[in-house]
>>> print(open('data15.tsv').read())   # TSV, C-alpha atoms
chain	number	residue	atom	x	y	z
A	1	MET	CA	84.57	89.76	108.05
A	2	VAL	CA	83.49	93.41	108.04
A	3	GLY	CA	86.90	94.39	106.70
A	4	ALA	CA	86.57	91.95	103.83
A	5	ALA	CA	83.11	93.26	103.03
A	6	LEU	CA	84.40	96.84	103.08
A	7	ALA	CA	87.27	95.87	100.80
A	8	LEU	CA	84.69	94.63	98.31
A	9	ILE	CA	82.49	97.70	98.61
A	10	GLU	CA	85.19	100.36	98.39
A	11	PRO	CA	86.38	99.73	94.82
A	12	ILE	CA	82.76	99.61	93.64
A	13	ALA	CA	82.06	102.92	95.37
A	14	ALA	CA	85.11	104.42	93.70
A	15	ARG	CA	83.98	103.11	90.34
A	16	THR	CA	80.57	104.72	90.56
A	17	GLU	CA	81.99	108.09	91.57
A	18	PHE	CA	82.41	109.19	87.95
A	19	VAL	CA	79.36	108.42	85.90
A	20	SER	CA	80.85	109.06	82.47
A	21	GLU	CA	84.23	109.03	80.77
A	22	GLY	CA	83.77	112.74	80.06
A	23	GLU	CA	83.30	113.49	83.75
A	24	LEU	CA	86.33	111.40	84.62
A	25	LEU	CA	88.42	113.16	81.99
A	26	ALA	CA	87.31	116.58	83.25
A	27	ALA	CA	88.31	115.57	86.80
A	28	CYS	CA	91.70	114.37	85.53
A	29	ARG	CA	92.20	117.71	83.80
A	30	ARG	CA	91.47	119.45	87.12
A	31	ARG	CA	94.26	117.24	88.54
A	32	ASP	CA	91.74	115.64	90.92
A	33	LEU	CA	93.67	112.74	92.48
A	34	ARG	CA	90.44	110.79	93.07
A	35	ALA	CA	90.01	110.55	89.30
A	36	PHE	CA	93.51	109.11	88.92
A	37	GLU	CA	92.87	106.67	91.76
A	38	HIS	CA	89.68	105.59	90.01
A	39	LEU	CA	91.65	104.97	86.81
A	40	TYR	CA	94.20	102.96	88.80
A	41	GLN	CA	91.49	100.80	90.35
A	42	VAL	CA	89.90	100.11	86.97
A	43	HIS	CA	92.98	99.68	84.78
A	44	GLY	CA	95.88	99.09	87.21
A	45	ALA	CA	95.77	95.28	87.20
A	46	ARG	CA	95.66	95.04	83.42
A	47	LEU	CA	98.48	97.58	83.03
A	48	LYS	CA	100.60	95.64	85.53
A	49	SER	CA	100.03	92.41	83.64
A	50	VAL	CA	100.87	93.94	80.23
A	51	ALA	CA	103.97	95.61	81.69
A	52	TYR	CA	105.02	92.37	83.36
A	53	ARG	CA	104.78	90.50	80.05
A	54	LEU	CA	106.97	93.13	78.38
A	55	THR	CA	109.53	93.76	81.11
A	56	GLY	CA	109.76	90.29	82.61
A	57	ASN	CA	109.64	91.19	86.30
A	58	ARG	CA	107.20	92.59	88.79
A	59	GLN	CA	109.34	95.42	90.11
A	60	ASP	CA	109.87	96.83	86.62
A	61	ALA	CA	106.19	96.33	85.84
A	62	GLU	CA	105.20	98.40	88.90
A	63	ASP	CA	107.71	101.10	87.97
A	64	VAL	CA	106.21	101.21	84.48
A	65	VAL	CA	102.69	101.59	85.90
A	66	GLN	CA	103.90	104.47	88.09
A	67	LYS	CA	105.56	106.16	85.09
A	68	THR	CA	102.38	105.63	83.07
A	69	PHE	CA	100.26	107.53	85.60
A	70	LEU	CA	102.86	110.27	85.90
A	71	LYS	CA	102.90	110.68	82.11
A	72	LEU	CA	99.11	110.72	82.04
A	73	TYR	CA	99.05	113.39	84.78
A	74	ARG	CA	101.50	115.58	82.91
A	75	ALA	CA	100.00	115.08	79.44
A	76	ILE	CA	96.28	114.98	80.22
A	77	GLU	CA	95.75	118.40	78.60
A	78	GLY	CA	96.91	116.97	75.28
A	79	PHE	CA	94.55	113.99	75.36
A	80	GLU	CA	92.02	114.53	72.56
A	81	ALA	CA	89.60	111.78	73.64
A	82	GLN	CA	89.68	110.08	70.23
A	83	SER	CA	90.11	106.80	72.10
A	84	SER	CA	89.21	105.82	75.66
A	85	ILE	CA	91.49	106.76	78.54
A	86	GLY	CA	92.01	103.03	79.18
A	87	THR	CA	93.46	102.38	75.74
A	88	TRP	CA	95.55	105.55	75.99
A	89	LEU	CA	96.93	104.38	79.34
A	90	CYS	CA	97.83	101.03	77.80
A	91	ARG	CA	99.62	102.76	74.94
A	92	ILE	CA	101.61	104.90	77.38
A	93	ALA	CA	102.49	101.78	79.40
A	94	ILE	CA	103.69	99.88	76.31
A	95	ASN	CA	105.85	102.85	75.27
A	96	ALA	CA	107.23	103.09	78.82
A	97	CYS	CA	108.18	99.38	78.61
A	98	TYR	CA	109.99	99.99	75.29
A	99	ASP	CA	111.77	103.00	76.84
A	100	LEU	CA	112.87	100.82	79.74
A	101	GLY	CA	114.07	98.15	77.29
A	102	ARG	CA	116.07	100.71	75.31
A	103	HIS	CA	117.54	102.12	78.54
A	104	ARG	CA	118.56	98.61	79.60
A	105	LYS	CA	120.16	97.99	76.21
A	106	ARG	CA	122.14	101.21	76.51
A	107	GLU	CA	123.33	100.16	79.93
A	108	ALA	CA	124.34	96.84	78.31
A	109	GLU	CA	122.72	94.86	81.04
A	110	LEU	CA	122.05	91.18	80.65
A	111	PRO	CA	118.50	90.41	79.51
A	112	VAL	CA	116.15	90.24	82.43
A	113	GLU	CA	115.22	86.72	83.34
A	114	GLN	CA	111.51	86.20	83.55
A	115	GLU	CA	110.24	85.48	87.04
A	116	ARG	CA	107.69	83.04	85.71
A	117	GLY	CA	107.15	80.02	87.88
A	118	ALA	CA	107.05	77.61	84.95
A	119	LYS	CA	107.35	74.65	87.25
A	120	ASN	CA	104.10	75.53	88.98
A	121	GLN	CA	102.14	76.03	85.79
A	122	LEU	CA	99.76	73.57	84.19
A	123	PRO	CA	101.42	71.76	81.24
A	124	LEU	CA	99.56	73.54	78.41
A	125	LYS	CA	99.79	76.92	80.16
A	126	ALA	CA	103.54	76.50	80.63
A	127	ALA	CA	103.99	75.36	77.02
A	128	LEU	CA	101.90	78.27	75.73
A	129	ASP	CA	103.86	80.71	77.90
A	130	ASP	CA	107.09	79.32	76.47
A	131	ALA	CA	105.85	79.32	72.86
A	132	LEU	CA	104.62	82.89	73.25
A	133	GLY	CA	108.17	83.99	73.91
A	134	ARG	CA	109.24	82.50	70.59
A	135	ILE	CA	106.82	84.11	68.15
A	136	HIS	CA	107.23	87.45	66.37
A	137	PRO	CA	106.93	90.35	68.87
A	138	ARG	CA	104.13	92.09	66.98
A	139	TYR	CA	102.08	88.88	66.82
A	140	ARG	CA	102.83	88.29	70.50
A	141	MET	CA	101.67	91.79	71.41
A	142	VAL	CA	98.30	91.41	69.66
A	143	PHE	CA	97.83	87.95	71.18
A	144	LEU	CA	98.57	89.29	74.68
A	145	LEU	CA	96.21	92.22	74.33
A	146	PHE	CA	93.37	90.22	72.77
A	147	GLU	CA	93.51	86.73	74.24
A	148	VAL	CA	95.23	87.39	77.58
A	149	GLU	CA	94.04	90.86	78.56
A	150	GLY	CA	90.70	90.90	76.76
A	151	PHE	CA	91.03	94.05	74.67
A	152	ARG	CA	88.90	94.22	71.52
A	153	HIS	CA	90.42	94.59	68.05
A	154	MET	CA	89.15	98.17	67.85
A	155	GLU	CA	91.00	99.02	71.08
A	156	ILE	CA	94.15	97.18	70.01
A	157	ALA	CA	94.11	99.15	66.75
A	158	SER	CA	94.06	102.33	68.81
A	159	ILE	CA	96.75	101.18	71.25
A	160	LEU	CA	99.19	99.96	68.60
A	161	GLN	CA	98.08	102.50	65.98
A	162	ILE	CA	97.42	99.90	63.33
A	163	PRO	CA	94.29	99.20	61.26
A	164	GLU	CA	91.73	96.91	62.89
A	165	GLY	CA	92.13	94.39	60.05
A	166	THR	CA	95.86	94.20	60.77
A	167	SER	CA	95.13	93.44	64.40
A	168	LYS	CA	92.87	90.55	63.33
A	169	ALA	CA	95.45	89.26	60.83
A	170	TRP	CA	98.28	89.39	63.38
A	171	LEU	CA	96.15	87.54	65.92
A	172	PHE	CA	95.52	84.80	63.37
A	173	GLU	CA	99.24	84.59	62.58
A	174	ALA	CA	100.04	84.46	66.31
A	175	LYS	CA	97.65	81.57	66.92
A	176	LYS	CA	98.89	79.75	63.82
A	177	GLU	CA	102.49	80.07	65.03
A	178	LEU	CA	101.57	79.01	68.55
A	179	LYS	CA	99.66	75.99	67.24
A	180	ARG	CA	102.66	75.00	65.15
A	181	LEU	CA	105.07	75.35	68.09
A	182	LEU	CA	102.78	73.47	70.45
A	183	THR	CA	102.29	70.69	67.90
A	184	GLU	CA	106.08	70.40	67.49
A	185	THR	CA	106.52	70.03	71.24
A	186	GLY	CA	103.88	67.30	71.19
A	187	ARG	CA	101.03	69.14	72.96
B	1	MET	CA	82.42	71.35	49.33
B	2	ILE	CA	84.63	68.35	49.92
B	3	PHE	CA	86.72	69.35	52.90
B	4	GLN	CA	90.27	68.07	53.02
B	5	CYS	CA	93.04	68.29	55.64
B	6	ASN	CA	94.80	71.11	53.80
B	7	ASP	CA	91.61	73.22	53.98
B	8	LEU	CA	91.89	73.36	57.77
B	9	GLU	CA	94.02	76.50	57.93
B	10	ARG	CA	91.55	78.38	55.73
B	11	ALA	CA	88.74	77.25	58.01
B	12	LEU	CA	90.56	78.61	61.04
B	13	GLU	CA	90.84	81.98	59.33
B	14	PHE	CA	87.29	82.10	57.94
B	15	PRO	CA	84.74	80.97	60.53
B	16	GLU	CA	82.08	80.27	57.87
B	17	LEU	CA	84.11	77.18	56.87
B	18	MET	CA	84.16	75.91	60.44
B	19	PRO	CA	81.07	73.61	60.24
B	20	ASP	CA	82.72	71.76	57.32
B	21	ALA	CA	86.00	71.58	59.25
B	22	ARG	CA	84.24	70.10	62.30
B	23	ALA	CA	82.42	67.54	60.19
B	24	HIS	CA	85.74	66.54	58.62
B	25	ALA	CA	87.47	66.42	62.03
B	26	GLU	CA	84.99	63.79	63.23
B	27	ARG	CA	86.58	61.40	60.76
B	28	CYS	CA	90.16	62.73	60.87
B	29	GLU	CA	92.23	62.30	64.04
B	30	SER	CA	94.97	64.77	62.98
B	31	CYS	CA	92.55	67.60	62.16
B	32	ARG	CA	90.59	66.88	65.35
B	33	ARG	CA	93.79	67.43	67.38
B	34	GLN	CA	94.55	70.65	65.48
B	35	LEU	CA	91.07	72.03	66.06
B	36	TYR	CA	91.23	71.09	69.73
B	37	LEU	CA	94.59	72.81	70.14
B	38	TRP	CA	93.30	75.93	68.36
B	39	SER	CA	90.44	76.32	70.81
B	40	GLU	CA	92.62	75.36	73.80
B	41	ILE	CA	95.03	78.22	73.01
B	42	SER	CA	92.21	80.72	73.42
B	43	ARG	CA	90.84	78.94	76.48
B	44	VAL	CA	94.17	78.83	78.33
B	45	ALA	CA	95.45	82.27	77.26
B	46	PRO	CA	93.54	84.30	79.91
B	47	GLN	CA	95.38	82.26	82.56
B	48	LEU	CA	98.57	83.98	81.43
B	49	HIS	CA	97.25	87.23	82.91
B	50	GLU	CA	99.61	88.03	85.78
B	51	ASP	CA	98.13	89.42	88.95
B	52	TRP	CA	99.71	90.09	92.30
B	53	GLU	CA	99.02	92.25	95.32
B	54	SER	CA	100.82	95.58	95.32
B	55	PRO	CA	99.41	97.49	98.30
B	56	GLY	CA	102.20	100.08	98.14
B	57	LEU	CA	101.84	100.92	94.47
B	58	TRP	CA	98.93	103.38	94.54
B	59	PRO	CA	100.34	105.37	97.54
B	60	ARG	CA	103.65	105.56	95.64
B	61	ILE	CA	101.91	106.81	92.50
B	62	GLU	CA	99.82	109.27	94.52
B	63	LEU	CA	102.93	110.71	96.12
B	64	ALA	CA	104.58	111.08	92.70
B	65	LEU	CA	101.48	112.87	91.38
B	66	VAL	CA	101.36	115.25	94.36
B	67	ASP	CA	105.02	115.95	93.76
B	68	ALA	CA	104.38	116.59	90.06
B	69	ALA	CA	101.57	119.08	90.78
B	70	PRO	CA	102.25	122.44	89.16
B	71	ARG	CA	103.84	124.74	91.74
B	72	PRO	CA	103.49	128.52	91.75
B	73	LYS	CA	106.06	129.94	89.44
B	74	HIS	CA	108.95	131.73	91.03
B	75	VAL	CA	109.00	135.24	89.59
B	76	PRO	CA	112.59	136.29	88.96
B	77	ALA	CA	113.81	139.62	90.31
B	78	TRP	CA	114.25	141.15	86.84
B	79	ARG	CA	110.53	140.74	86.19
B	80	TRP	CA	109.68	142.55	89.42
B	81	THR	CA	112.04	145.33	88.34
B	82	ILE	CA	110.36	145.62	84.95
B	83	ALA	CA	106.91	145.65	86.55
B	84	VAL	CA	107.90	148.37	89.02
B	85	ALA	CA	109.53	150.40	86.22
B	86	ALA	CA	106.41	150.07	84.06
B	87	VAL	CA	104.18	151.29	86.89
B	88	ALA	CA	106.54	154.16	87.59
B	89	LEU	CA	106.52	155.09	83.89
B	90	VAL	CA	102.72	155.11	83.75
B	91	ALA	CA	102.59	157.22	86.92
B	92	VAL	CA	105.04	159.74	85.42
B	93	MET	CA	103.13	159.90	82.13
B	94	LEU	CA	99.85	160.51	83.90
B	95	SER	CA	101.32	163.35	85.84
B	96	GLN	CA	102.84	165.12	82.77
B	97	PRO	CA	101.76	168.77	82.94
B	98	TRP	CA	102.38	169.37	79.17
B	99	ARG	CA	99.70	166.92	78.17
B	100	GLY	CA	97.22	169.69	78.90
B	101	LYS	CA	94.86	167.41	80.66
B	102	THR	CA	93.84	168.38	84.10
B	103	PRO	CA	93.16	165.35	86.20
B	104	ALA	CA	89.62	164.94	87.31
B	105	PRO	CA	89.24	166.52	90.72
B	106	ASN	CA	88.16	163.25	92.22
B	107	GLY	CA	90.50	160.99	90.11
B	108	GLU	CA	92.81	160.19	92.96
B	109	LEU	CA	89.87	159.58	95.23
B	110	LEU	CA	88.42	157.08	92.73
B	111	THR	CA	91.72	155.20	92.43
B	112	ASP	CA	92.02	155.05	96.21
B	113	ARG	CA	88.45	153.82	96.52
B	114	ALA	CA	88.98	151.05	93.93
B	115	LEU	CA	92.16	150.01	95.68
B	116	ALA	CA	90.43	149.98	99.05
B	117	GLU	CA	87.73	147.71	97.61
B	118	VAL	CA	90.35	145.28	96.29
B	119	GLN	CA	92.15	145.26	99.62
B	120	GLN	CA	88.94	144.67	101.56
B	121	ALA	CA	87.99	141.78	99.28
B	122	GLU	CA	91.49	140.34	99.57
B	123	GLN	CA	91.43	140.58	103.38
B	124	ALA	CA	88.03	138.83	103.55
B	125	TYR	CA	89.31	136.11	101.21
B	126	ALA	CA	92.51	135.71	103.24
B	127	ARG	CA	90.49	135.43	106.47
B	128	SER	CA	88.28	132.68	105.03
B	129	ILE	CA	91.33	130.77	103.76
B	130	ASN	CA	92.95	131.12	107.18
B	131	ARG	CA	89.83	129.59	108.74
B	132	LEU	CA	90.01	126.72	106.23
B	133	SER	CA	93.70	126.40	106.97
B	134	ALA	CA	93.05	126.14	110.73
B	135	VAL	CA	90.65	123.24	110.09
B	136	ALA	CA	93.04	121.45	107.73
B	137	GLN	CA	96.27	122.08	109.70
B	138	LYS	CA	95.11	120.02	112.69
B	139	ASP	CA	94.93	116.80	110.67
B	140	LEU	CA	97.85	117.75	108.47
B	141	GLU	CA	100.28	118.23	111.36
B	142	LYS	CA	99.13	115.07	113.09
B	143	SER	CA	99.41	112.85	110.04
B	144	ALA	CA	102.64	110.92	109.48
B	145	ALA	CA	101.66	109.85	105.94
B	146	PRO	CA	104.16	110.75	103.18
B	147	VAL	CA	101.31	112.46	101.29
B	148	ALA	CA	100.76	114.75	104.31
B	149	ALA	CA	104.45	115.70	104.25
B	150	ALA	CA	104.13	116.63	100.57
B	151	TYR	CA	101.05	118.79	101.30
B	152	ARG	CA	102.83	120.46	104.25
B	153	GLU	CA	105.77	121.27	102.02
B	154	LYS	CA	103.53	122.66	99.29
B	155	LEU	CA	101.66	124.87	101.80
B	156	LEU	CA	104.97	126.17	103.15
B	157	VAL	CA	106.06	127.13	99.63
B	158	LEU	CA	102.71	128.86	99.03
B	159	ASP	CA	102.81	130.75	102.36
B	160	SER	CA	106.31	131.94	101.63
B	161	ALA	CA	105.30	133.11	98.13
B	162	ILE	CA	102.24	134.90	99.59
B	163	ALA	CA	104.45	136.67	102.15
B	164	ASP	CA	106.87	137.76	99.39
B	165	VAL	CA	104.12	139.19	97.19
B	166	LYS	CA	102.50	140.94	100.16
B	167	ALA	CA	105.82	142.54	101.09
B	168	ASN	CA	106.22	143.80	97.52
B	169	LEU	CA	102.67	145.11	97.50
B	170	GLU	CA	103.28	147.21	100.62
B	171	SER	CA	105.80	149.28	98.70
B	172	ASN	CA	103.78	149.24	95.48
B	173	ARG	CA	100.11	149.46	96.37
B	174	TYR	CA	98.77	150.23	92.87
B	175	ASN	CA	100.44	147.33	91.10
B	176	THR	CA	97.59	145.27	89.61
B	177	TYR	CA	99.97	142.56	88.47
B	178	LEU	CA	101.00	141.91	92.07
B	179	GLN	CA	97.36	141.96	93.19
B	180	THR	CA	96.52	139.33	90.55
B	181	GLU	CA	99.53	137.24	91.55
B	182	LEU	CA	98.45	137.37	95.20
B	183	ALA	CA	94.88	136.34	94.34
B	184	SER	CA	96.23	133.42	92.29
B	185	LEU	CA	98.43	132.27	95.18
B	186	TYR	CA	95.48	132.41	97.59
B	187	LYS	CA	93.43	130.37	95.13
B	188	ASP	CA	96.24	127.82	94.90
B	189	LYS	CA	96.39	127.60	98.69
B	190	GLN	CA	92.64	127.17	98.89
B	191	ASN	CA	92.73	124.31	96.35
B	192	THR	CA	95.63	122.62	98.16
B	193	LEU	CA	93.81	122.77	101.49
B	194	LYS	CA	90.66	121.44	99.87
B	195	GLU	CA	92.59	118.56	98.25
B	196	TRP	CA	94.14	117.65	101.58
B	197	LEU	CA	90.76	117.75	103.37
B	198	ASP	CA	89.29	115.49	100.67
B	199	TYR	CA	92.23	113.12	101.02
B	200	ALA	CA	91.97	113.11	104.83
B	201	LYS	CA	88.23	112.43	104.63
B	202	ARG	CA	88.79	109.45	102.34
B	203	ASN	CA	91.52	107.94	104.48
>>> encode(input="data15.tsv", output="structure tokens")
Amino acid sequence: MVGAALALIEPIAARTEFVSEGELLAACRRRDLRAFEHLYQVHGARLKSVAYRLTGNRQDAEDVVQKTFLKLYRAIEGFEAQSSIGTWLCRIAINACYDLGRHRKREAELPVEQERGAKNQLPLKAALDDALGRIHPRYRMVFLLFEVEGFRHMEIASILQIPEGTSKAWLFEAKKELKRLLTETGR
Amino acid sequence: MIFQCNDLERALEFPELMPDARAHAERCESCRRQLYLWSEISRVAPQLHEDWESPGLWPRIELALVDAAPRPKHVPAWRWTIAVAAVALVAVMLSQPWRGKTPAPNGELLTDRALAEVQQAEQAYARSINRLSAVAQKDLEKSAAPVAAAYREKLLVLDSAIADVKANLESNRYNTYLQTELASLYKDKQNTLKEWLDYAKRN
């Protein structure tokens, strides 16, 4: 009971340790590991989910998150704070996923089979998951970031380095495609 | 506006047309299904967020970050040689009799005094770091955590570098470069000990 209560309190305590993004960034630049742990607690779950969607398995997703933090640690001096650290982390993670994909292609491995438990999913969720794998990758990416992970268009624009209007347009195209595919499968 | 089935797509793109689309959908089964599906996609999408417990991930990342921490640069032998040669050259130039300058009677005394001050400050600093080290070492040696092993290794590297620089300084007491290098290594050691103590406190 006490342990469970502590588990709830600890992340909150860690979150309030840095009162502003500027303070957090300064601590990261000092290579203060508490600052990186704080970033992990706040953004880790979302990064894992994005990486999982792009790599297709949990082990690779965790490796990508580790690489993301390592890249952040090494490149923090070059971060110009034109976007938030969270969106920058997501951009690093997406690039790390692409790097992993390219590496896999070079090694001529078979495509990684998704670990998704489609059988356990609700019908519409499973159908949506399936349809998502069949739409254009750039539409899929915007859909994932906006609808699944809850990023705003402004943040997506910064992550994918596209205009905000393009992000909105691609989201519309993604939903239109998904609606068409789901209608075809009789949902 | 008379809303028709083929206006639905435009309505989905431009929310201001949505009231007309909804009014039309009340009478049209096909458009009602399309509108329902459109909103269901957004409702169900957050469920595609994948989450799972990974208790070992942060410790793994932390270890990688400790490992990636900038280490004191190893100064190659040729740089030591150049530094020693430069100091020797300056010493020779200062002692040139043909320059016509007679050294100030107390010049040597001043240099010795400045050096003594630096050495005293360095000794006091080293003593305080040793005290900090004694506090930190107890926990550090006891701990079996992989992070502790990384800190132990880093401290070993720092101690060895400090010993090297000190040995060089004994034969080259006036070398300010070596004095600066030594101060920087002590600072690095102090920060490492502080980081470990912070880590130990939190865990």
>>> interface_residues(input="data15.tsv", of="chain A", to="chain B", cutoff="7 Å", atoms="all atoms listed in the file", output="number ranges by chain")
A: 45, 49, 62, 66, 70, 125, 147-149, 172, 179
>>> closest_residue(input="data15.tsv", among="B:Leu185, B:Ala114, B:Ala145, B:Ala136", to="Ala163 (chain B)", atoms="all atoms listed in the file")
B:Leu185
>>> atom_distance(input="data15.tsv", atom1="CA of Trp78 (chain B)", atom2="CA of Ala167 (chain B)")
16.6 Å
>>> residues_around(input="data15.tsv", residues="region 180-186 of chain A", least_positions_apart="3", cutoff="10 Å", atoms="only C-alpha atoms", output="list of chain:residue names")
A:Leu124, A:Ala127, A:Leu128, A:Asp130, A:Ala131, A:Leu132, A:Arg134, A:Ile135, A:Ala174, A:Lys175, A:Lys176, A:Glu177, B:Arg33, B:Gln34, B:Leu37, B:Trp38, B:Ile41
>>> atom_distance(input="data15.tsv", atom1="CA of Thr81 (chain B)", atom2="CA of Ala116 (chain B)")
24.6 Å
>>> axis_aligned_box(input="data15.tsv", around="region 157-164 of chain B", padding_each_side="8 Å", output="AutoDock Vina command-line options")
--center_x 104.6 --center_y 132.4 --center_z 100.2 --size_x 20.6 --size_y 26.6 --size_z 20.2
>>> closest_residue(input="data15.tsv", among="A:Arg31, A:Pro163, A:Val65, A:Leu24", to="Asn191 (chain B)", atoms="only C-alpha atoms")
A:Arg31
>>> closest_residue(input="data15.tsv", among="A:Arg53, A:Lys71, A:His38, A:His153", to="Ile92 (chain A)", atoms="all atoms listed in the file")
A:Lys71
>>> build_atoms(input="data15.tsv", residues="region 8-20 of chain B", atoms="N, CA and C atoms", output="compact mmCIF listing (two decimals), in the frame of the given file")
# COMPACT_ATOMS: atom_id res chain seq x y z
N LEU B 8 92.10 73.03 56.36
CA LEU B 8 91.89 73.36 57.77
C LEU B 8 92.33 74.79 58.12
N GLU B 9 93.49 75.16 57.61
CA GLU B 9 94.02 76.50 57.93
C GLU B 9 93.07 77.60 57.47
N ARG B 10 92.50 77.40 56.26
CA ARG B 10 91.55 78.38 55.73
C ARG B 10 90.31 78.45 56.64
N ALA B 11 89.92 77.31 57.13
CA ALA B 11 88.74 77.25 58.01
C ALA B 11 88.99 77.99 59.31
N LEU B 12 90.25 77.91 59.79
CA LEU B 12 90.56 78.61 61.04
C LEU B 12 90.52 80.12 60.83
N GLU B 13 90.84 80.54 59.61
CA GLU B 13 90.84 81.98 59.33
C GLU B 13 89.43 82.49 59.01
N PHE B 14 88.64 81.67 58.34
CA PHE B 14 87.29 82.10 57.94
C PHE B 14 86.26 81.23 58.65
N PRO B 15 85.63 81.77 59.70
CA PRO B 15 84.74 80.97 60.53
C PRO B 15 83.58 80.31 59.77
N GLU B 16 83.21 80.88 58.60
CA GLU B 16 82.08 80.27 57.87
C GLU B 16 82.42 78.86 57.37
N LEU B 17 83.72 78.53 57.30
CA LEU B 17 84.11 77.18 56.87
C LEU B 17 84.18 76.19 58.03
N MET B 18 83.97 76.73 59.25
CA MET B 18 84.16 75.91 60.44
C MET B 18 83.23 74.69 60.53
N PRO B 19 81.93 74.82 60.16
CA PRO B 19 81.07 73.61 60.24
C PRO B 19 81.63 72.46 59.39
N ASP B 20 82.14 72.80 58.19
CA ASP B 20 82.72 71.76 57.32
C ASP B 20 83.95 71.16 57.98
